[in-house]
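Peer 1: To be precise about what I am sending: the file is called final_34.txt and holds compact mmCIF, C-alpha atoms.
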```txt
# COMPACT_ATOMS: atom_id res chain seq x y z
CA MET A 253 -43.48 24.81 -161.90
CA SER A 254 -39.94 26.18 -161.78
CA ASP A 255 -38.03 27.17 -164.93
CA LEU A 256 -35.52 24.38 -164.46
CA ASN A 257 -35.92 20.97 -162.88
CA ILE A 258 -32.73 19.18 -161.93
CA THR A 259 -32.58 15.47 -161.15
CA GLU A 260 -29.45 13.93 -159.68
CA ARG A 261 -28.15 10.45 -160.44
CA GLN A 262 -24.94 8.74 -159.46
CA ALA A 263 -22.86 6.53 -161.76
CA GLY A 264 -19.84 5.39 -159.77
CA ASP A 265 -18.05 8.54 -158.69
CA VAL A 266 -19.66 10.64 -161.42
CA THR A 267 -22.73 12.69 -160.59
CA ILE A 268 -25.13 13.18 -163.45
CA LEU A 269 -27.48 16.13 -163.36
CA ASP A 270 -30.42 15.76 -165.73
CA LEU A 271 -31.61 19.25 -166.54
CA ASN A 272 -35.14 19.81 -167.78
CA GLY A 273 -36.45 23.25 -168.69
CA LYS A 274 -34.76 26.58 -169.27
CA VAL A 275 -31.35 27.82 -168.19
CA THR A 276 -32.03 31.53 -168.38
CA ILE A 277 -31.53 34.66 -166.32
CA GLY A 278 -33.22 34.36 -162.95
CA GLU A 279 -34.58 31.11 -161.64
CA GLY A 280 -32.99 28.69 -164.12
CA SER A 281 -29.47 30.01 -163.71
CA VAL A 282 -29.82 30.21 -159.93
CA ALA A 283 -31.06 26.61 -159.76
CA LEU A 284 -28.03 25.37 -161.71
CA ARG A 285 -25.61 27.42 -159.58
CA SER A 286 -27.17 26.09 -156.36
CA ALA A 287 -27.00 22.49 -157.56
CA ILE A 288 -23.31 22.78 -158.50
CA ARG A 289 -22.42 24.47 -155.22
CA ARG A 290 -24.25 21.79 -153.26
CA LEU A 291 -22.43 18.99 -155.10
CA LEU A 292 -19.06 20.63 -154.54
CA GLY A 293 -19.96 21.07 -150.87
CA GLU A 294 -20.63 17.33 -150.69
CA GLY A 295 -17.24 16.62 -152.26
CA LYS A 296 -18.75 15.50 -155.57
CA ASN A 297 -16.56 17.05 -158.21
CA LYS A 298 -16.99 14.79 -161.23
CA ILE A 299 -20.10 16.20 -162.80
CA LEU A 300 -21.90 15.44 -166.04
CA LEU A 301 -24.59 17.89 -167.09
CA ASN A 302 -27.24 16.30 -169.28
CA LEU A 303 -28.69 19.14 -171.37
CA GLY A 304 -30.81 16.95 -173.65
CA SER A 305 -34.07 18.27 -172.21
CA VAL A 306 -33.03 21.90 -171.93
CA GLY A 307 -35.29 23.73 -174.33
CA TYR A 308 -33.81 27.15 -173.94
CA VAL A 309 -30.59 28.85 -172.88
CA ASP A 310 -29.81 32.55 -173.00
CA SER A 311 -26.52 34.40 -172.48
CA SER A 312 -26.97 34.21 -168.70
CA GLY A 313 -27.40 30.46 -168.98
CA ILE A 314 -24.25 30.16 -171.07
CA GLY A 315 -22.50 32.30 -168.46
CA GLU A 316 -23.74 29.95 -165.75
CA LEU A 317 -22.30 26.95 -167.61
CA VAL A 318 -18.96 28.76 -167.76
CA SER A 319 -19.12 29.66 -164.04
CA SER A 320 -20.00 26.07 -163.17
CA PHE A 321 -17.08 24.79 -165.23
CA THR A 322 -14.71 27.21 -163.48
CA ALA A 323 -16.06 26.44 -160.00
CA VAL A 324 -15.69 22.69 -160.50
CA ASN A 325 -12.17 23.09 -161.91
CA LYS A 326 -11.18 25.17 -158.89
CA GLU A 327 -12.15 22.26 -156.67
CA GLY A 328 -9.95 19.94 -158.70
CA GLY A 329 -12.91 18.38 -160.44
CA THR A 330 -14.26 18.05 -163.94
CA LEU A 331 -17.52 19.18 -165.49
CA LYS A 332 -18.60 17.79 -168.84
CA LEU A 333 -21.66 18.26 -171.02
CA LEU A 334 -23.96 15.60 -172.41
CA LYS A 335 -26.52 15.73 -175.25
CA LEU A 336 -26.40 19.30 -176.46
CA THR A 337 -29.44 20.39 -178.42
CA GLN A 338 -28.72 21.99 -181.78
CA LYS A 339 -29.63 25.37 -180.31
CA ILE A 340 -27.19 25.08 -177.42
CA GLN A 341 -24.51 23.78 -179.75
CA ASP A 342 -25.04 26.85 -181.96
CA LEU A 343 -24.73 29.19 -178.97
CA LEU A 344 -21.55 27.50 -177.75
CA ALA A 345 -20.12 27.72 -181.27
CA ILE A 346 -20.93 31.44 -181.54
CA THR A 347 -19.29 32.10 -178.19
CA LYS A 348 -16.29 29.89 -179.09
CA LEU A 349 -16.94 27.79 -176.01
CA LEU A 350 -17.33 24.48 -177.83
CA THR A 351 -13.60 23.98 -177.51
CA VAL A 352 -13.67 24.70 -173.78
CA PHE A 353 -16.20 22.04 -172.78
CA ASP A 354 -15.89 18.30 -173.19
CA VAL A 355 -19.11 17.41 -174.98
CA PHE A 356 -20.65 13.95 -175.47
CA ASP A 357 -23.63 12.59 -177.34
CA ASP A 358 -24.00 9.41 -175.36
CA GLU A 359 -23.85 8.81 -171.65
CA GLU A 360 -21.67 5.71 -171.75
CA SER A 361 -18.84 7.48 -173.57
CA ALA A 362 -19.17 10.46 -171.27
CA LEU A 363 -18.93 8.33 -168.15
CA SER A 364 -15.94 6.35 -169.37
CA SER A 365 -14.12 9.60 -170.18
CA PHE A 366 -14.01 10.44 -166.47
CA SER A 367 -11.94 7.39 -165.58
CA MET B 19 -46.00 49.69 -177.10
CA LEU B 20 -45.27 47.53 -174.09
CA LYS B 21 -44.15 49.46 -171.01
CA LEU B 22 -42.60 46.96 -168.68
CA PRO B 23 -41.30 47.33 -165.14
CA SER B 24 -37.56 46.95 -164.61
CA ARG B 25 -37.54 43.44 -163.28
CA ILE B 26 -36.40 40.08 -164.62
CA GLU B 27 -39.98 38.82 -165.06
CA SER B 28 -40.39 41.44 -167.79
CA VAL B 29 -37.99 39.46 -169.99
CA GLU B 30 -40.41 36.53 -170.17
CA GLU B 31 -43.37 38.84 -170.68
CA ALA B 32 -41.73 40.63 -173.62
CA ALA B 33 -40.67 37.31 -175.17
CA ILE B 34 -44.18 35.87 -174.94
CA LYS B 35 -45.72 38.95 -176.57
CA ALA B 36 -43.11 38.99 -179.34
CA ASP B 37 -43.62 35.28 -179.95
CA GLU B 38 -47.39 35.75 -180.24
CA PHE B 39 -46.98 38.69 -182.60
CA ALA B 40 -44.43 36.90 -184.77
CA ARG B 41 -46.60 33.80 -185.09
CA GLU B 42 -49.59 35.96 -186.04
CA GLN B 43 -47.43 37.19 -188.93
CA GLY B 44 -46.97 33.58 -190.03
CA LEU B 45 -43.24 33.46 -189.23
CA GLY B 46 -41.58 30.05 -188.88
CA ASP B 47 -39.88 28.43 -185.89
CA ASP B 48 -36.31 29.46 -186.76
CA PHE B 49 -37.38 33.06 -187.31
CA VAL B 50 -39.39 33.16 -184.09
CA SER B 51 -36.51 31.55 -182.20
CA ALA B 52 -34.10 34.27 -183.38
CA ILE B 53 -36.51 37.01 -182.39
CA ASP B 54 -37.09 35.36 -179.04
CA LEU B 55 -33.39 35.30 -178.21
CA ALA B 56 -32.84 38.88 -179.40
CA ILE B 57 -35.71 40.26 -177.38
CA ARG B 58 -34.73 38.34 -174.25
CA GLU B 59 -31.15 39.59 -174.43
CA SER B 60 -32.11 43.19 -175.19
CA VAL B 61 -34.77 43.41 -172.47
CA THR B 62 -32.36 41.78 -170.00
CA ASN B 63 -29.77 44.44 -170.86
CA ALA B 64 -32.35 47.22 -170.47
CA VAL B 65 -33.55 45.97 -167.08
CA LYS B 66 -30.15 45.07 -165.69
CA HIS B 67 -27.58 47.40 -167.23
CA GLY B 68 -29.81 50.25 -168.49
CA ASN B 69 -32.38 50.85 -165.76
CA LYS B 70 -30.37 48.92 -163.15
CA PHE B 71 -33.59 47.37 -161.80
CA ALA B 72 -34.97 50.83 -160.83
CA GLU B 73 -38.70 50.17 -160.47
CA GLU B 74 -39.67 53.72 -161.45
CA LYS B 75 -38.04 53.30 -164.86
CA THR B 76 -39.80 51.33 -167.57
CA VAL B 77 -38.51 49.28 -170.45
CA ASP B 78 -40.43 50.21 -173.60
CA VAL B 79 -40.75 47.54 -176.23
CA THR B 80 -42.26 47.69 -179.70
CA PHE B 81 -42.40 45.15 -182.47
CA ALA B 82 -43.69 45.60 -185.98
CA GLU B 83 -43.72 43.91 -189.33
CA THR B 84 -42.20 46.42 -191.76
CA ALA B 85 -41.03 46.44 -195.36
CA ASP B 86 -37.53 45.62 -194.04
CA GLY B 87 -38.67 42.65 -191.98
CA PHE B 88 -39.52 42.09 -188.34
CA GLU B 89 -38.47 45.11 -186.31
CA ILE B 90 -38.00 45.30 -182.57
CA THR B 91 -37.11 48.32 -180.47
CA VAL B 92 -36.22 48.15 -176.80
CA ARG B 93 -35.66 51.33 -174.85
CA ASP B 94 -34.45 51.93 -171.33
CA TYR B 95 -34.07 55.13 -169.31
CA GLY B 96 -30.58 54.55 -168.01
CA THR B 97 -27.40 56.54 -168.44
CA GLY B 98 -26.44 54.93 -171.72
CA PHE B 99 -23.34 53.07 -172.85
CA GLU B 100 -20.89 52.88 -175.73
CA VAL B 101 -21.32 49.63 -177.55
CA ASP B 102 -17.70 49.79 -178.71
CA ASP B 103 -16.62 49.70 -175.05
CA ILE B 104 -18.16 46.26 -174.56
CA PRO B 105 -15.34 43.68 -174.62
CA ASP B 106 -15.48 40.98 -177.28
CA PRO B 107 -16.58 37.88 -175.34
CA THR B 108 -14.89 35.60 -177.88
CA ASN B 109 -11.43 37.01 -177.17
CA PRO B 110 -9.40 34.41 -175.28
CA GLU B 111 -9.02 36.69 -172.25
CA ASN B 112 -12.82 37.05 -171.98
CA LEU B 113 -13.82 33.52 -172.88
CA MET B 114 -14.32 32.32 -169.31
CA LYS B 115 -16.16 35.39 -168.06
CA ALA B 116 -19.68 34.78 -166.78
CA ASN B 117 -21.19 37.83 -168.49
CA GLY B 118 -21.01 39.89 -171.66
CA ARG B 119 -22.46 37.64 -174.38
CA GLY B 120 -25.90 39.21 -174.84
CA ILE B 121 -24.93 41.69 -177.55
CA LEU B 122 -23.04 38.98 -179.41
CA PHE B 123 -26.23 36.89 -179.49
CA MET B 124 -28.33 39.86 -180.65
CA ARG B 125 -25.90 40.53 -183.48
CA SER B 126 -25.64 36.87 -184.39
CA PHE B 127 -29.35 36.27 -184.77
CA MET B 128 -30.61 39.61 -186.12
CA ASP B 129 -29.68 41.29 -189.42
CA VAL B 130 -29.60 44.85 -188.09
CA VAL B 131 -28.74 45.89 -184.53
CA GLU B 132 -28.21 49.59 -183.86
CA TRP B 133 -28.24 51.76 -180.79
CA SER B 134 -29.36 55.35 -180.35
CA ASN B 135 -29.87 57.84 -177.56
CA PRO B 136 -33.43 59.14 -177.90
CA ALA B 137 -34.62 62.53 -176.66
CA GLY B 138 -35.66 62.18 -173.05
CA GLY B 139 -32.69 60.02 -172.14
CA GLY B 140 -31.79 56.39 -172.07
CA THR B 141 -30.75 54.01 -174.79
CA ALA B 142 -32.79 52.44 -177.56
CA VAL B 143 -31.76 49.42 -179.55
CA ARG B 144 -33.42 48.77 -182.89
CA MET B 145 -33.16 45.31 -184.38
CA ILE B 146 -34.41 43.94 -187.66
CA LYS B 147 -34.72 40.37 -188.81
CA ARG B 148 -35.21 40.20 -192.56
CA ARG B 149 -37.62 37.68 -194.01
```
Please lay out the structure from this file as structure tokens.

Peer 2:
Amino acid sequence: MSDLNITERQAGDVTILDLNGKVTIGEGSVALRSAIRRLLGEGKNKILLNLGSVGYVDSSGIGELVSSFTAVNKEGGTLKLLKLTQKIQDLLAITKLLTVFDVFDDEESALSSFS
Amino acid sequence: MLKLPSRIESVEEAAIKADEFAREQGLGDDFVSAIDLAIRESVTNAVKHGNKFAEEKTVDVTFAETADGFEITVRDYGTGFEVDDIPDPTNPENLMKANGRGILFMRSFMDVVEWSNPAGGGTAVRMIKRR
């Protein structure tokens, strides 16, 4: 089994990626990068990352979230985060990135924020 | 002592061993989680920035329960670095960079983090998490 499983769902023009596993150096970070690049290649640039089932993130994973955010912005899109675990929230607070990302606890609010 | 090859898979191996050792000492989830993050970041640095993935160079890892707390050392055989030269990743101009947060995490979750240049070359980082 890979470090990170990513499932894609569509809600209107917003693409939701449900992440399950670890976003860490190596496989997990690469899987996230590939998924974001593929979506952007398909013209899907409203992206909601559901991190509720991400058990572990390291500094490379945080870096990948930042890179994803930047890549989506460059394409004129928006990337937002859904359901941060306490651990991820702590890491984003330490790195002062909580203010950079739009973060939501529930999917409905997240989706309506895109419109 | 664990002597690990300079590849990314060694990060997971070191973390698993540290986790097993910490749990044998009866340490709780928060404590183990802090150690886990510190060892992953330090071994990643050793493999990537220290040994620069050179297969002939090992990453040497020790962990021990001491009077001060849980102690980890991670050593590489690279050319060394000045920790003060590492840019602060929380500065606004560095905030959106993809790299450079590992040392911040090590310092945030461990009580002592210090670097030295041992005889024989390379860099060693010693970290302590107090009980």

Peer 1: Which residues of chain A have any atom within 10 Å of an atom in chain B when counting all atoms listed in the file, and what is the closest pair of atoms for each, with the distance in Å to one decimal? Order the rows by chain and rising number and write it as JSON lines.

Peer 2:
```
{"residue": "A:Thr276", "atom": "CA", "partner": "B:Arg58", "partner_atom": "CA", "distance": 9.4}
{"residue": "A:Ile277", "atom": "CA", "partner": "B:Ile26", "partner_atom": "CA", "distance": 7.5}
{"residue": "A:Gly278", "atom": "CA", "partner": "B:Ile26", "partner_atom": "CA", "distance": 6.8}
{"residue": "A:Glu279", "atom": "CA", "partner": "B:Ile26", "partner_atom": "CA", "distance": 9.6}
{"residue": "A:Tyr308", "atom": "CA", "partner": "B:Leu55", "partner_atom": "CA", "distance": 9.2}
{"residue": "A:Val309", "atom": "CA", "partner": "B:Leu55", "partner_atom": "CA", "distance": 8.8}
{"residue": "A:Asp310", "atom": "CA", "partner": "B:Leu55", "partner_atom": "CA", "distance": 6.9}
{"residue": "A:Ser311", "atom": "CA", "partner": "B:Gly120", "partner_atom": "CA", "distance": 5.4}
{"residue": "A:Ser312", "atom": "CA", "partner": "B:Asn117", "partner_atom": "CA", "distance": 6.8}
{"residue": "A:Gly313", "atom": "CA", "partner": "B:Ala116", "partner_atom": "CA", "distance": 9.1}
{"residue": "A:Ile314", "atom": "CA", "partner": "B:Ala116", "partner_atom": "CA", "distance": 7.8}
{"residue": "A:Gly315", "atom": "CA", "partner": "B:Ala116", "partner_atom": "CA", "distance": 4.1}
{"residue": "A:Glu316", "atom": "CA", "partner": "B:Ala116", "partner_atom": "CA", "distance": 6.4}
{"residue": "A:Leu317", "atom": "CA", "partner": "B:Ala116", "partner_atom": "CA", "distance": 8.3}
{"residue": "A:Val318", "atom": "CA", "partner": "B:Met114", "partner_atom": "CA", "distance": 6.1}
{"residue": "A:Ser319", "atom": "CA", "partner": "B:Ala116", "partner_atom": "CA", "distance": 5.8}
{"residue": "A:Ser320", "atom": "CA", "partner": "B:Ala116", "partner_atom": "CA", "distance": 9.4}
{"residue": "A:Phe321", "atom": "CA", "partner": "B:Met114", "partner_atom": "CA", "distance": 9.0}
{"residue": "A:Thr322", "atom": "CA", "partner": "B:Met114", "partner_atom": "CA", "distance": 7.8}
{"residue": "A:Lys339", "atom": "CA", "partner": "B:Ser51", "partner_atom": "CA", "distance": 9.4}
{"residue": "A:Leu343", "atom": "CA", "partner": "B:Phe123", "partner_atom": "CA", "distance": 7.9}
{"residue": "A:Ile346", "atom": "CA", "partner": "B:Ser126", "partner_atom": "CA", "distance": 7.7}
{"residue": "A:Thr347", "atom": "CA", "partner": "B:Thr108", "partner_atom": "CA", "distance": 5.6}
{"residue": "A:Lys348", "atom": "CA", "partner": "B:Thr108", "partner_atom": "CA", "distance": 6.0}
{"residue": "A:Leu349", "atom": "CA", "partner": "B:Leu113", "partner_atom": "CA", "distance": 7.2}
{"residue": "A:Val352", "atom": "CA", "partner": "B:Met114", "partner_atom": "CA", "distance": 8.9}
```

Peer 1: Near Glu359 of chain A, within 10 Å and counting only C-alpha atoms, which residues show up once chain neighbours fewer than 6 positions away are dropped, as a VMD selection string?

Peer 2: chain A and resid 268 300 302 333 to 335 365

Peer 1: Determine, counting all atoms listed in the file, which protein, DNA and RNA residues have an atom within 8 Å of an atom of Leu271 of chain A; residues of the same chain fewer than 6 positions away are not included. Present the result as an MDAnalysis selection string.

Peer 2: chainID A and resid 256:259 301:306

Peer 1: Find the spatial neighbours of Leu292 of chain A, counting all atoms listed in the file, within a cut-off of 10 Å - ignore same-chain residues fewer than 4 positions away - and output them as a PDB file with C-alpha atoms, in the coordinates of the input.

Peer 2:
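Final output, part33.pdb:
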```pdb
ATOM      1  CA  SER A 286     -27.170  26.090-156.360  1.00  0.00           C
ATOM      2  CA  ALA A 287     -27.000  22.490-157.560  1.00  0.00           C
ATOM      3  CA  ILE A 288     -23.310  22.780-158.500  1.00  0.00           C
ATOM      4  CA  LYS A 296     -18.750  15.500-155.570  1.00  0.00           C
ATOM      5  CA  ASN A 297     -16.560  17.050-158.210  1.00  0.00           C
ATOM      6  CA  LYS A 298     -16.990  14.790-161.230  1.00  0.00           C
ATOM      7  CA  ILE A 299     -20.100  16.200-162.800  1.00  0.00           C
ATOM      8  CA  ALA A 323     -16.060  26.440-160.000  1.00  0.00           C
ATOM      9  CA  VAL A 324     -15.690  22.690-160.500  1.00  0.00           C
ATOM     10  CA  GLU A 327     -12.150  22.260-156.670  1.00  0.00           C
ATOM     11  CA  GLY A 329     -12.910  18.380-160.440  1.00  0.00           C
TER      12      GLY A 329
END
```

Peer 1: Interatomic distance between atom CA of Phe88 of chain B and atom CA of Trp133 of chain B?

Peer 2: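 Interatomic distance, atom CA of Phe88 of chain B to atom CA of Trp133 of chain B: 16.7 Å.
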
Peer 1: When you look at Pro136 of chain B with a cut-off of 12 Å (counting all atoms listed in the file), what residues show up, excluding the ones that are within fewer than 2 positions of it in the same chain? I need them as an mmCIF file with C-alpha atoms, in the coordinates of the input.

Peer 2:
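Here's the written file selection_11.cif:
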```cif
data_model
loop_
_atom_site.group_PDB
_atom_site.id
_atom_site.type_symbol
_atom_site.label_atom_id
_atom_site.label_comp_id
_atom_site.auth_asym_id
_atom_site.auth_seq_id
_atom_site.Cartn_x
_atom_site.Cartn_y
_atom_site.Cartn_z
ATOM 1 C CA THR B 91 -37.110 48.320 -180.470
ATOM 2 C CA VAL B 92 -36.220 48.150 -176.800
ATOM 3 C CA ARG B 93 -35.660 51.330 -174.850
ATOM 4 C CA ASP B 94 -34.450 51.930 -171.330
ATOM 5 C CA TYR B 95 -34.070 55.130 -169.310
ATOM 6 C CA GLY B 96 -30.580 54.550 -168.010
ATOM 7 C CA THR B 97 -27.400 56.540 -168.440
ATOM 8 C CA GLY B 98 -26.440 54.930 -171.720
ATOM 9 C CA TRP B 133 -28.240 51.760 -180.790
ATOM 10 C CA SER B 134 -29.360 55.350 -180.350
ATOM 11 C CA GLY B 138 -35.660 62.180 -173.050
ATOM 12 C CA GLY B 139 -32.690 60.020 -172.140
ATOM 13 C CA GLY B 140 -31.790 56.390 -172.070
ATOM 14 C CA THR B 141 -30.750 54.010 -174.790
ATOM 15 C CA ALA B 142 -32.790 52.440 -177.560
ATOM 16 C CA VAL B 143 -31.760 49.420 -179.550
ATOM 17 C CA ARG B 144 -33.420 48.770 -182.890
#
```

Peer 1: Report, in Å to a single decimal, how far apart atom CA of Gln338 of chain A and atom CA of Gly280 of chain A are.

Peer 2: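 Separation of atom CA of Gly280 of chain A and atom CA of Gln338 of chain A: 19.4 Å.
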
Peer 1: Measuring atom to atom with only C-alpha atoms, identify which of B:Ile53, B:Val79, B:Met19, B:Ile104 is nearest to Ile146 of chain B.

Peer 2: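 Checking each of B:Ile53, B:Val79, B:Met19, B:Ile104 against Ile146 of chain B, counting only C-alpha atoms, the winner is B:Ile53.
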
Peer 1: Between atom CA of Thr267 of chain A and atom CA of Thr330 of chain A, measure the distance and give it in Å to one decimal.

Peer 2: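 So the two atoms, atom CA of Thr267 of chain A and atom CA of Thr330 of chain A, lie 10.6 Å apart.
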
Peer 1: For Val50 of chain B, which of B:Leu20, B:Val77, B:Ala36, B:Ala72 is the closest residue, counting only C-alpha atoms?

Peer 2: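 Nearest candidate to Val50 of chain B out of B:Leu20, B:Val77, B:Ala36, B:Ala72: B:Ala36.
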